[in-house]
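*Asks:* Let me give you the structure first, and then I'll get to my questions.
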Amino acid sequence: MSTQVYRPQESVYDLLPKEEVKSEKPPRYVSKFRPAVVQEEKLPKRPMRTMGPAKVETPSPENFLKKHSKDPKLSDKGRINPQRKPPVPTRTEIPPMGIQTKRDFTKTCTFVTSKPKPISVDTYKGHKEVLENSGLVPKYIKKTDFGKVPTYLQKHNTEKKKAQEEYDNYVKEQREKQAMKQLSEEERRDILEGLKKNWDRIHHEYQGLSLVIDTWCKRAHKERLEADMKRLEKEMETFERFKVIYIADN
C-alpha cells in the first residue's frame with residue numbers, strides 16, 4: 001500500500017480574503033398537537049390505573065347471579081309454536097274412517113338391499129380389487145364389436161383400395177395410348193435390390209460425416225445425402241407397395 005499523500009495544487013485565488021458565512025439554524029419544530037397532549041397529561045387518569053375509579057356504584061343485592069341466566073336463548077323465529085301441532089285426540093274421539101290414498105305402501109316402504117360388488121383378493125395381506133377390473137372376468141369379449149375390424153383400419157383399407165383403383169385406371173389409360181410398359185416380377189425385384197444397395201451406400205457415407213458441421217460445404221453435403229435417402233425410401237416404398245409396375249416406354 002502506497003503512503004503517498006495527495007496534495008492539491010496551490011492557486012493565487014486562495015490568498016484573497018474571504019467573507020465568513022455564518023449558517024443560520026432553522027427554527028425548532030413544534031407540533032401543533034402539543035397543547036392537546038399537555039392537556040391530556042393533566043387529566044386525573046394516573047391515580048386510577050391499577051385500582052380503578054375512586055367511586056363506583058355498588059350493585060344491589062337483589063340482582064344476584066342466577067342459574068342459567070347467561071345461557072344462550074333462542075329468538076322468536078327459532079321457537080316452536082305449540083299451536084301448529086294438532087291437539088291430542090281424546091279417549092272418546094272416533095278416528096276418521098274411509099280415507100283413501102293412491103300411495104303404494106308395498107313399493108315405498110319396502111327396502112331393497114343393494115347387492116355387493118364381487119371382489120378379488122390378490123395378496124395375503126388382504127388387498128382387494130373389484131373383480132370386473134382385475135382381468136379375471138371375460139369383459140371385452142362380450143362387447144358387440146369384439147372380433148371386428150376397427151373403424152380406422154376399415155377407413156385405411158378403403159383409401160388404399162381407392163388409390164389402387166385410381167392407379168390401375170391411370171395405367172390402363174396409358175397402356176391404351178401405348179406409352180407404358182409393364183415390368184416383370186424379376187425386373188421389379190432387381191430394381192428394388194438396386195435401390196436398397198444405393199440407400200445402404202449413401203447411409204454409410206452419411207454415418208461417416210463429422211460430428212461438428214462447421215463449414216458451408218459440410219452442411220450442403222449433409223443436406224444432399226439426406227435428400228437422396230428420402231427419395232430412395234419413397235421409391236422403395238412404391239416398389240414394395242405395388243406388385244404391378246408400369247414405366248414409360250421411351
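Residues in the C-alpha cells are numbered from 1 in each chain, the chains being A, B, ... in the order shown, and ligands are numbered from 1 in the order shown.
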Skip region 105-116 of chain A itself and residues of its chain fewer than 4 positions away, then list as a VMD selection string all residues within 12 Å of it, counting only C-alpha atoms.
*Replies:* chain A and resid 101 130 to 131
*Asks:* Step one, run DSSP on the backbone; step two, keep only residues of region 60-202 of chain A assigned to alpha helix (DSSP H); then write them as number ranges by chain.
*Replies:* A: 105-108, 151-176, 185-202
*Asks:* Would you pick out the contacts of region 199-204 of chain A at 7 Å or less, using only C-alpha atoms, so that residues sharing its chain but fewer than 5 positions from it are not included, and give the list as a list of chain:residue names?
*Replies:*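 What passes the distance filter is A:Leu225, A:Met229, A:Leu232.
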*Asks:* Can you pull out every residue within 10 Å of Glu129 (chain A), counting only C-alpha atoms, but drop anything in the same chain fewer than 3 positions away, and send it as a PyMOL selection string?
*Replies:* chain A and resi 118-122+126+132-134
*Asks:* Restricting it to C-alpha atoms, dump the selection as a compact mmCIF listing (two decimals), in the first residue's frame.
*Replies:*
# COMPACT_ATOMS: atom_id res chain seq x y z
CA PRO A 118 -67.77 -59.04 -6.41
CA ILE A 119 -64.15 -58.53 -5.44
CA SER A 120 -60.93 -60.48 -5.71
CA VAL A 121 -58.17 -60.67 -3.09
CA ASP A 122 -54.74 -60.90 -4.72
CA GLY A 126 -55.98 -58.74 2.17
CA GLU A 132 -64.54 -56.51 -13.07
CA ASN A 133 -61.29 -54.51 -13.29
CA SER A 134 -58.97 -57.34 -12.21
